[in-house]
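So this block is final_13.cif, mmCIF, C-alpha atoms:
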```cif
data_work
loop_
_atom_site.label_atom_id
_atom_site.label_comp_id
_atom_site.auth_asym_id
_atom_site.auth_seq_id
_atom_site.Cartn_x
_atom_site.Cartn_y
_atom_site.Cartn_z
CA MET A 1 7.20 -30.45 8.32
CA HIS A 2 7.53 -26.85 7.33
CA PHE A 3 5.55 -24.24 9.28
CA ILE A 4 4.80 -20.83 7.75
CA THR A 5 3.49 -18.01 9.90
CA GLY A 6 3.24 -14.20 9.87
CA GLY A 7 0.51 -11.55 10.08
CA ALA A 8 -2.66 -11.61 7.98
CA TYR A 9 -2.34 -10.42 4.37
CA ASN A 10 1.45 -10.66 4.38
CA GLY A 11 1.74 -12.98 1.38
CA LYS A 12 2.14 -16.36 3.13
CA ARG A 13 0.15 -18.33 0.53
CA LYS A 14 2.01 -16.70 -2.37
CA TRP A 15 5.35 -17.43 -0.71
CA VAL A 16 4.50 -21.13 -0.29
CA LYS A 17 3.33 -21.38 -3.92
CA ASP A 18 6.52 -19.71 -5.18
CA HIS A 19 8.82 -21.62 -2.84
CA TYR A 20 7.49 -25.10 -3.58
CA ALA A 21 6.37 -24.49 -7.19
CA ALA A 22 4.98 -28.04 -7.25
CA GLU A 23 2.69 -29.41 -9.91
CA HIS A 24 1.17 -32.11 -7.77
CA TYR A 25 0.00 -31.30 -4.32
CA ILE A 26 -3.03 -31.40 -2.07
CA TRP A 27 -4.03 -27.99 -0.74
CA LEU A 28 -6.54 -27.94 2.09
CA SER A 29 -7.73 -24.53 3.22
CA ALA A 30 -9.80 -23.80 6.31
CA TYR A 31 -10.77 -20.53 4.57
CA SER A 32 -12.63 -22.66 2.00
CA SER A 33 -14.21 -24.68 4.81
CA ASP A 34 -11.92 -27.66 4.23
CA ALA A 35 -11.25 -29.84 7.25
CA LEU A 36 -7.50 -29.98 7.82
CA THR A 37 -7.68 -33.56 9.04
CA LYS A 38 -5.96 -36.09 6.78
CA PRO A 39 -8.42 -37.34 4.14
CA LEU A 40 -9.06 -41.08 4.06
CA GLN A 41 -8.30 -41.37 0.34
CA ASN A 42 -5.49 -43.75 -0.59
CA TYR A 43 -3.53 -41.50 -2.89
CA ILE A 44 -2.17 -38.22 -1.59
CA PRO A 45 0.46 -36.31 -3.61
CA SER A 46 3.85 -36.01 -1.92
CA LEU A 47 3.26 -32.36 -1.02
CA ALA A 48 0.43 -31.55 1.37
CA VAL A 49 -0.35 -27.96 2.34
CA LEU A 50 -2.70 -27.14 5.22
CA GLU A 51 -3.75 -23.49 5.13
CA GLY A 52 -5.59 -21.41 7.73
CA LEU A 53 -4.67 -23.36 10.84
CA GLU A 54 -6.00 -20.54 13.09
CA GLU A 55 -9.34 -20.69 11.27
CA TRP A 56 -9.49 -24.46 11.59
CA ILE A 57 -8.80 -24.18 15.33
CA ARG A 58 -11.61 -21.61 15.55
CA THR A 59 -14.09 -24.06 14.03
CA GLN A 60 -13.13 -26.66 16.62
CA ILE A 61 -13.57 -24.46 19.67
CA ASP A 62 -15.94 -26.04 22.12
CA SER A 63 -16.38 -24.51 25.55
CA ALA A 64 -16.88 -28.01 26.93
CA PHE A 65 -13.13 -28.56 26.42
CA SER A 66 -10.39 -26.89 28.38
CA PRO A 67 -7.82 -25.03 26.25
CA TYR A 68 -5.34 -27.81 27.07
CA THR A 69 -7.69 -30.51 25.78
CA LEU A 70 -8.28 -28.59 22.55
CA ARG A 71 -4.55 -28.03 22.08
CA GLN A 72 -4.01 -31.77 22.44
CA ARG A 73 -6.89 -32.62 20.09
CA VAL A 74 -5.49 -30.38 17.36
CA MET A 75 -1.99 -31.81 17.78
CA ASP A 76 -3.37 -35.38 17.66
CA GLN A 77 -5.07 -34.63 14.34
CA LEU A 78 -1.88 -33.11 12.96
CA GLY A 79 -0.02 -36.16 14.30
CA VAL A 80 -1.82 -38.29 11.68
CA TRP A 81 -0.35 -36.03 8.98
CA LEU A 82 3.11 -36.19 10.56
CA GLU A 83 2.98 -39.99 10.48
CA TRP A 84 2.04 -39.83 6.80
CA GLU A 85 4.99 -37.53 6.11
CA GLN A 86 7.47 -39.64 8.05
CA ALA A 87 6.42 -42.85 6.28
CA ASN A 88 8.17 -41.71 3.07
CA SER A 89 11.12 -39.34 2.82
CA CYS A 90 9.75 -37.78 -0.40
CA ARG A 91 6.70 -36.47 1.41
CA ARG A 92 6.47 -32.97 2.77
CA LEU A 93 3.84 -31.45 5.04
CA VAL A 94 3.49 -27.64 4.93
CA ILE A 95 1.29 -25.88 7.48
CA ILE A 96 0.31 -22.20 7.18
CA GLY A 97 -1.04 -20.38 10.24
CA THR A 98 -1.67 -16.64 10.64
CA ASP A 99 0.01 -15.09 13.66
CA THR A 100 -2.81 -13.73 15.84
CA SER A 101 -0.75 -13.14 18.97
CA LYS A 102 0.41 -9.56 18.69
CA GLY A 103 -2.65 -7.33 19.02
CA ILE A 104 -4.55 -6.14 22.08
CA VAL A 105 -5.80 -8.93 24.37
CA PRO A 106 -9.40 -9.46 23.18
CA MET A 107 -12.24 -8.39 25.50
CA ASP A 108 -14.29 -11.41 24.53
CA LYS A 109 -13.52 -14.55 26.55
CA ARG A 110 -14.00 -16.89 23.61
CA GLN A 111 -11.58 -14.84 21.50
CA ARG A 112 -8.97 -14.98 24.26
CA TYR A 113 -9.44 -18.73 24.53
CA LEU A 114 -9.03 -19.07 20.77
CA ARG A 115 -5.89 -16.95 20.74
CA ASP A 116 -4.37 -18.90 23.64
CA VAL A 117 -4.96 -22.27 21.99
CA THR A 118 -3.62 -20.98 18.66
CA GLY A 119 -0.42 -19.72 20.30
CA TRP A 120 0.19 -22.99 22.12
CA VAL A 121 -0.49 -25.10 19.04
CA TYR A 122 1.99 -22.94 17.05
CA GLN A 123 4.64 -23.53 19.72
CA ASP A 124 4.02 -27.29 19.54
CA ILE A 125 4.19 -27.21 15.75
CA VAL A 126 7.42 -25.20 15.62
CA ALA A 127 8.95 -27.59 18.17
CA GLN A 128 8.17 -30.52 15.83
CA ALA A 129 8.88 -28.69 12.55
CA GLU A 130 12.10 -29.19 10.62
CA ARG A 131 11.73 -25.66 9.27
CA ALA A 132 9.77 -22.57 10.27
CA ASP A 133 9.51 -19.23 8.44
CA VAL A 134 7.89 -15.92 9.34
CA ILE A 135 6.61 -14.09 6.24
CA TRP A 136 6.58 -10.28 6.38
CA TYR A 137 5.15 -8.67 3.25
CA GLY A 138 6.56 -11.44 1.11
CA ILE A 139 9.98 -11.57 2.79
CA ALA A 140 10.75 -14.79 4.65
CA GLN A 141 12.72 -14.90 7.86
CA THR A 142 13.75 -18.48 8.64
CA ILE A 143 13.51 -18.97 12.40
CA LYS A 144 14.33 -22.70 12.37
CA ASN A 145 15.91 -24.97 9.78
CA ASP A 146 16.97 -28.56 10.41
CA TYR A 147 16.87 -29.49 6.71
CA ILE A 148 20.32 -27.99 6.12
CA MET B 1 12.84 8.49 -17.28
CA GLU B 2 15.05 6.94 -14.63
CA THR B 3 13.04 5.82 -11.63
CA GLY B 4 14.06 7.32 -8.30
CA GLU B 5 15.16 5.40 -5.27
CA LEU B 6 12.29 3.96 -3.22
CA ILE B 7 12.63 3.59 0.54
CA PHE B 8 9.82 2.14 2.67
CA VAL B 9 9.57 2.92 6.38
CA THR B 10 6.91 1.12 8.43
CA GLY B 11 6.27 0.37 12.10
CA GLY B 12 3.81 0.60 14.95
CA VAL B 13 2.30 3.82 16.27
CA ARG B 14 4.80 6.14 17.98
CA SER B 15 7.72 4.05 16.79
CA GLY B 16 9.53 7.05 15.28
CA LYS B 17 8.66 6.34 11.63
CA SER B 18 8.23 9.96 10.51
CA SER B 19 11.38 11.19 12.30
CA TYR B 20 13.39 8.38 10.79
CA ALA B 21 12.02 9.07 7.30
CA GLU B 22 12.75 12.81 7.64
CA ASN B 23 16.31 12.21 8.84
CA LYS B 24 16.88 9.75 6.03
CA ALA B 25 15.65 12.36 3.52
CA ILE B 26 17.92 15.04 5.02
CA GLU B 27 20.87 12.65 4.83
CA LEU B 28 20.14 11.93 1.15
CA SER B 29 19.67 15.63 0.35
CA ARG B 30 23.09 16.46 1.85
CA LYS B 31 24.75 13.95 -0.46
CA SER B 32 23.05 15.21 -3.61
CA GLU B 33 22.15 18.81 -2.66
CA ALA B 34 18.53 18.03 -3.49
CA LYS B 35 15.49 19.88 -2.15
CA LEU B 36 13.25 18.37 0.53
CA HIS B 37 9.51 17.90 0.12
CA TYR B 38 7.01 16.57 2.61
CA ILE B 39 3.78 15.18 1.19
CA ALA B 40 1.22 15.12 4.00
CA CYS B 41 -1.88 13.02 3.34
CA GLY B 42 -3.38 13.31 6.84
CA MET B 43 -6.22 15.83 6.98
CA PRO B 44 -7.08 17.77 10.17
CA SER B 45 -10.47 16.04 10.46
CA ASP B 46 -10.65 16.49 14.24
CA GLU B 47 -8.80 18.11 17.12
CA GLU B 48 -6.58 15.10 17.74
CA MET B 49 -5.50 14.92 14.11
CA ALA B 50 -4.92 18.72 14.00
CA GLU B 51 -2.71 18.44 17.08
CA ARG B 52 -0.76 15.57 15.53
CA ILE B 53 -0.24 17.49 12.29
CA ALA B 54 0.92 20.58 14.27
CA ARG B 55 3.46 18.45 16.15
CA HIS B 56 4.86 17.00 12.91
CA GLN B 57 5.06 20.53 11.41
CA ALA B 58 6.88 21.84 14.50
CA ASN B 59 9.36 18.95 14.23
CA ARG B 60 10.13 19.84 10.62
CA GLU B 61 10.53 23.54 11.48
CA SER B 62 12.91 22.78 14.33
CA VAL B 63 15.64 21.50 12.02
CA PRO B 64 17.97 23.84 10.06
CA VAL B 65 16.83 22.55 6.67
CA HIS B 66 13.98 23.75 4.51
CA TRP B 67 11.00 21.49 3.92
CA LYS B 68 8.33 22.33 1.39
CA THR B 69 5.05 20.83 2.56
CA TRP B 70 2.39 19.57 0.13
CA GLU B 71 -0.96 18.87 1.72
CA CYS B 72 -2.52 16.35 -0.57
CA PRO B 73 -5.22 13.91 0.59
CA TYR B 74 -5.31 11.70 -2.55
CA HIS B 75 -4.49 11.49 -6.29
CA LEU B 76 -0.86 12.30 -5.52
CA GLN B 77 -0.04 11.53 -9.14
CA CYS B 78 -1.44 15.03 -9.89
CA ILE B 79 1.47 16.71 -8.09
CA ALA B 80 4.16 14.36 -9.46
CA GLY B 81 4.82 16.76 -12.35
CA TYR B 82 6.09 19.43 -9.95
CA PHE B 83 9.12 17.37 -8.97
CA SER B 84 12.42 16.63 -10.67
CA LYS B 85 15.58 14.62 -10.07
CA GLN B 86 16.64 17.45 -7.73
CA ASP B 87 13.90 16.57 -5.26
CA ILE B 88 13.63 14.16 -2.37
CA LEU B 89 10.12 13.33 -1.18
CA VAL B 90 8.71 11.98 2.04
CA LEU B 91 5.18 10.57 1.72
CA ASP B 92 3.47 10.46 5.13
CA CYS B 93 1.59 8.19 5.19
CA VAL B 94 0.01 5.31 3.27
CA THR B 95 -2.66 4.68 5.94
CA SER B 96 -3.91 8.30 5.71
CA LEU B 97 -3.89 8.05 1.94
CA LEU B 98 -5.94 4.85 2.13
CA ASN B 99 -8.37 6.43 4.62
CA ASN B 100 -8.93 9.31 2.21
CA TYR B 101 -9.53 6.99 -0.74
CA LEU B 102 -11.97 4.92 1.32
CA PHE B 103 -13.88 7.73 3.02
CA ASP B 104 -13.59 10.77 0.73
CA CYS B 105 -13.54 8.96 -2.59
CA ALA B 106 -15.77 6.05 -1.48
CA LEU B 107 -13.29 3.73 -3.16
CA ASP B 108 -13.81 0.57 -1.16
CA ASP B 109 -13.26 -1.94 -3.93
CA PRO B 110 -9.90 -3.52 -2.97
CA PRO B 111 -8.31 -3.80 -6.46
CA ASN B 112 -9.16 -0.15 -7.22
CA ALA B 113 -7.88 1.12 -3.89
CA ILE B 114 -4.64 -0.89 -4.23
CA GLU B 115 -4.17 0.34 -7.80
CA SER B 116 -4.78 4.02 -6.88
CA ILE B 117 -2.18 3.98 -4.10
CA LEU B 118 0.41 2.14 -6.17
CA THR B 119 -0.13 4.54 -9.09
CA ASP B 120 0.45 7.52 -6.78
CA ILE B 121 3.67 5.98 -5.47
CA THR B 122 4.95 4.99 -8.91
CA CYS B 123 4.29 8.46 -10.37
CA LEU B 124 6.11 10.22 -7.53
CA GLN B 125 9.00 7.76 -7.71
CA GLU B 126 9.36 8.31 -11.46
CA THR B 127 9.78 12.09 -11.26
CA ALA B 128 11.78 12.49 -8.01
CA ALA B 129 15.35 11.54 -7.09
CA ALA B 130 14.11 9.55 -4.12
CA LEU B 131 10.80 8.75 -2.47
CA ILE B 132 10.53 7.70 1.15
CA VAL B 133 7.14 6.14 1.90
CA VAL B 134 5.92 5.95 5.50
CA SER B 135 3.22 3.49 6.62
CA ASN B 136 1.82 1.75 9.65
CA GLU B 137 1.67 -1.87 10.81
CA VAL B 138 -1.98 -2.89 11.12
CA THR B 139 -2.06 -6.57 10.15
CA GLN B 140 -1.00 -7.96 13.49
CA GLY B 141 -3.37 -9.48 16.01
CA MET B 142 -6.61 -11.36 15.47
CA PRO B 143 -8.16 -10.97 12.01
CA HIS B 144 -10.96 -8.45 12.47
CA SER B 145 -14.44 -9.91 12.49
CA GLU B 146 -15.87 -6.63 11.18
CA SER B 147 -15.76 -6.73 7.39
CA PHE B 148 -14.84 -3.06 6.82
CA THR B 149 -11.77 -3.38 9.04
CA ARG B 150 -10.81 -6.71 7.50
CA ASN B 151 -11.13 -5.14 4.06
CA TYR B 152 -8.89 -2.28 5.20
CA GLN B 153 -6.27 -4.75 6.48
CA TYR B 154 -6.49 -6.73 3.25
CA ILE B 155 -5.90 -3.63 1.11
CA LEU B 156 -3.07 -2.29 3.27
CA GLY B 157 -1.38 -5.70 3.55
CA ASN B 158 -1.44 -6.12 -0.21
CA VAL B 159 -0.21 -2.55 -0.82
CA HIS B 160 2.66 -3.19 1.60
CA GLN B 161 3.58 -6.44 -0.18
CA GLN B 162 3.83 -4.52 -3.47
CA ILE B 163 5.80 -1.61 -1.97
CA VAL B 164 8.24 -4.02 -0.28
CA TYR B 165 8.65 -5.84 -3.59
CA TYR B 166 9.50 -2.65 -5.52
CA ALA B 167 11.44 -0.84 -2.77
CA ASP B 168 15.23 -0.62 -2.81
CA THR B 169 15.37 -0.46 0.98
CA VAL B 170 12.82 -1.36 3.67
CA PHE B 171 12.94 -0.49 7.35
CA LEU B 172 10.71 -1.70 10.17
CA LEU B 173 10.90 0.76 13.07
CA GLU B 174 10.84 -0.81 16.52
CA ASN B 175 10.82 1.65 19.42
CA GLY B 176 12.72 4.22 17.39
CA LEU B 177 15.27 1.72 16.07
CA PRO B 178 15.31 0.84 12.37
CA ILE B 179 15.44 -2.87 11.51
CA CYS B 180 16.57 -3.25 7.90
CA LYS B 181 14.32 -5.85 6.22
CA LYS B 182 15.53 -5.37 2.65
CA GLY B 183 18.50 -3.72 0.94
CA ALA B 184 21.55 -2.24 2.62
CA ALA B 185 21.20 -0.14 5.77
CA SER B 186 23.70 2.54 4.80
#
```
Structure re-expressed in structure tokens:
Amino acid sequence: MHFITGGAYNGKRKWVKDHYAAEHYIWLSAYSSDALTKPLQNYIPSLAVLEGLEEWIRTQIDSAFSPYTLRQRVMDQLGVWLEWEQANSCRRLVIIGTDTSKGIVPMDKRQRYLRDVTGWVYQDIVAQAERADVIWYGIAQTIKNDYI
Amino acid sequence: METGELIFVTGGVRSGKSSYAENKAIELSRKSEAKLHYIACGMPSDEEMAERIARHQANRESVPVHWKTWECPYHLQCIAGYFSKQDILVLDCVTSLLNNYLFDCALDDPPNAIESILTDITCLQETAAALIVVSNEVTQGMPHSESFTRNYQYILGNVHQQIVYYADTVFLLENGLPICKKGAAS
């Protein structure tokens, strides 16, 4: 799994498109209201891109859950994708998530909760990722790479 | 015409962006005996801004080199014709320039705003020996829920992507220290 992060409007999507340059892929975007859970369809191309992880987490926020429960729920859903990827060495899962961690701590409790969960999920993802890149205005900085 | 060198300097507030850009320009002018020009886009719209402008002016006057200051809120392409390959320009800064396009020119359509800023930069770069562009980091943190601010971040983020793409050298200033993100930190 390859995780791509960086600030908003820094060219993450463009970088992924240029880097993978694949003809066949499935691209799910939380910005287009796609669920990032693995679809039940039988055929999925060997490249799967999940975009807008922070937005997808936002849609799942439920004050009935503790931040820890939500973090686990999100990771369980991504676990289904990871199993799919690991079942065949040709498959690659790419996850794009905007870094929301570096501004002022939000005044609104819900926003703080969202930011906390997002940060924890990103840590979990990077821990499980083979590769992680931070995109800064189109320039990638590789912060982890086990592929090489 | 041969395009001049393009250097991009960005960073957080009070990270020393302007000082670094000015010193870089002075360094370049010593090598080539070129003249120094400071293109100021920030307008003294209130007391705080006036004070900030005065502090930047005092900084430029405190050094034993001569700066010619051009106060130009937008359409910088109009002054490009005044420069030649004997001139080194500092453009301070892209965020002020964008503010002026958005508020004074009511240009809030992202493609138009992006195009206007990039045209200004390209025109200045074409006539001068070197152009050092200063900007500000505003795309960090939670995406703004307010659409005007989000639009602003979208425009600035896209402008920065283009500048970084075309720039010879890019520096991110962190607490006064330059981190070279592209090109050689000579």
inquiry  = Using only C-alpha atoms and a cut-off of 6 Å, which residues of chain B sit close to chain A? Please list them as a list in words.
reply    = Thr139, Gln140, Gly141, Met142, Tyr154, Gly157 and Gln161 of chain B
note = Between CA of Asp108 in chain A and CA of Leu78 in chain A lies a distance of 27.5 Å
task = Name the residues within 10 Å of (-9.1, -25.5, 23.6), counting all atoms listed in the file in the file's coordinates, and put them as a PyMOL selection string.
result = chain A and resi 57-58+60-74+110+113-118+120-121
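Shortest separation to Gly4 in chain B among B:Ala184, B:Leu97, B:Leu89, B:Ile155 occurs at residue B:Leu89, atoms counted being all atoms listed in the file.
For the pair CA of Ser33 in chain A and CA of Val94 in chain A, the separation is 17.9 Å.
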query = Evaluating the PyMOL selection byres ((chain A and resi 32) around 12) on the displayed file yields which residues, as a list in words?
reply = Trp27, Leu28, Ser29, Ala30, Tyr31, Ser33, Asp34, Ala35, Leu36, Leu50, Glu51, Gly52, Leu53, Glu55 and Trp56 of chain A
inquiry  = Could you tell me how far CA of Lys14 in chain A sits from CA of Thr95 in chain B, in Å to one decimal place?
reply    = 23.4 Å
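Picked by the PyMOL selection byres ((chain B and resi 27-34) around 9) from the coordinates shown: Glu22, Asn23, Lys24, Ala25, Ile26, Lys35, Leu36, Lys85, Gln86, Asp87, Ile88, Ala129 and Ala130 of chain B.
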query = What do you get, as a list in words, if you spell out every residue that the PyMOL selection byres ((chain B and resi 11) around 10) selects here?
reply = Val9, Thr10, Gly12, Val13, Arg14, Ser15, Gly16, Lys17, Ser18, Val134, Ser135, Asn136, Glu137, Val138, Phe171, Leu172, Leu173, Glu174, Asn175, Gly176, Leu177, Pro178 and Ile179 of chain B
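Residues of protein, DNA or RNA having at least one counted atom within 9 Å of (15.6, -3.6, 1.8), given all atoms listed in the file, are Ile7, Phe8, Val164, Ala167, Asp168, Thr169, Val170, Phe171, Cys180, Lys181, Lys182, Gly183, Ala184 and Ala185 of chain B.
Counting all atoms listed in the file, the residue from A:Ala22, A:Met1, A:Asp146, A:Val49 that sits nearest to Ser89 in chain A is A:Met1.
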Which polymer residues have any atom within 7 Å of an atom of range 60-73 of chain B, counting all atoms listed in the file, with same-chain residues fewer than 2 positions away left out, as a tab-separated table (two decimals) with C-alpha atoms, in the coordinates of the input?
```
chain	number	residue	atom	x	y	z
B	36	LEU	CA	13.25	18.37	0.53
B	37	HIS	CA	9.51	17.90	0.12
B	38	TYR	CA	7.01	16.57	2.61
B	39	ILE	CA	3.78	15.18	1.19
B	40	ALA	CA	1.22	15.12	4.00
B	41	CYS	CA	-1.88	13.02	3.34
B	42	GLY	CA	-3.38	13.31	6.84
B	43	MET	CA	-6.22	15.83	6.98
B	56	HIS	CA	4.86	17.00	12.91
B	57	GLN	CA	5.06	20.53	11.41
B	58	ALA	CA	6.88	21.84	14.50
B	76	LEU	CA	-0.86	12.30	-5.52
B	97	LEU	CA	-3.89	8.05	1.94
B	100	ASN	CA	-8.93	9.31	2.21
```
query = Quick one: of B:Thr127, B:Glu146, B:Gln162, B:Asn151, who's nearest to Gln77 in chain B, counting only C-alpha atoms?
reply = B:Thr127
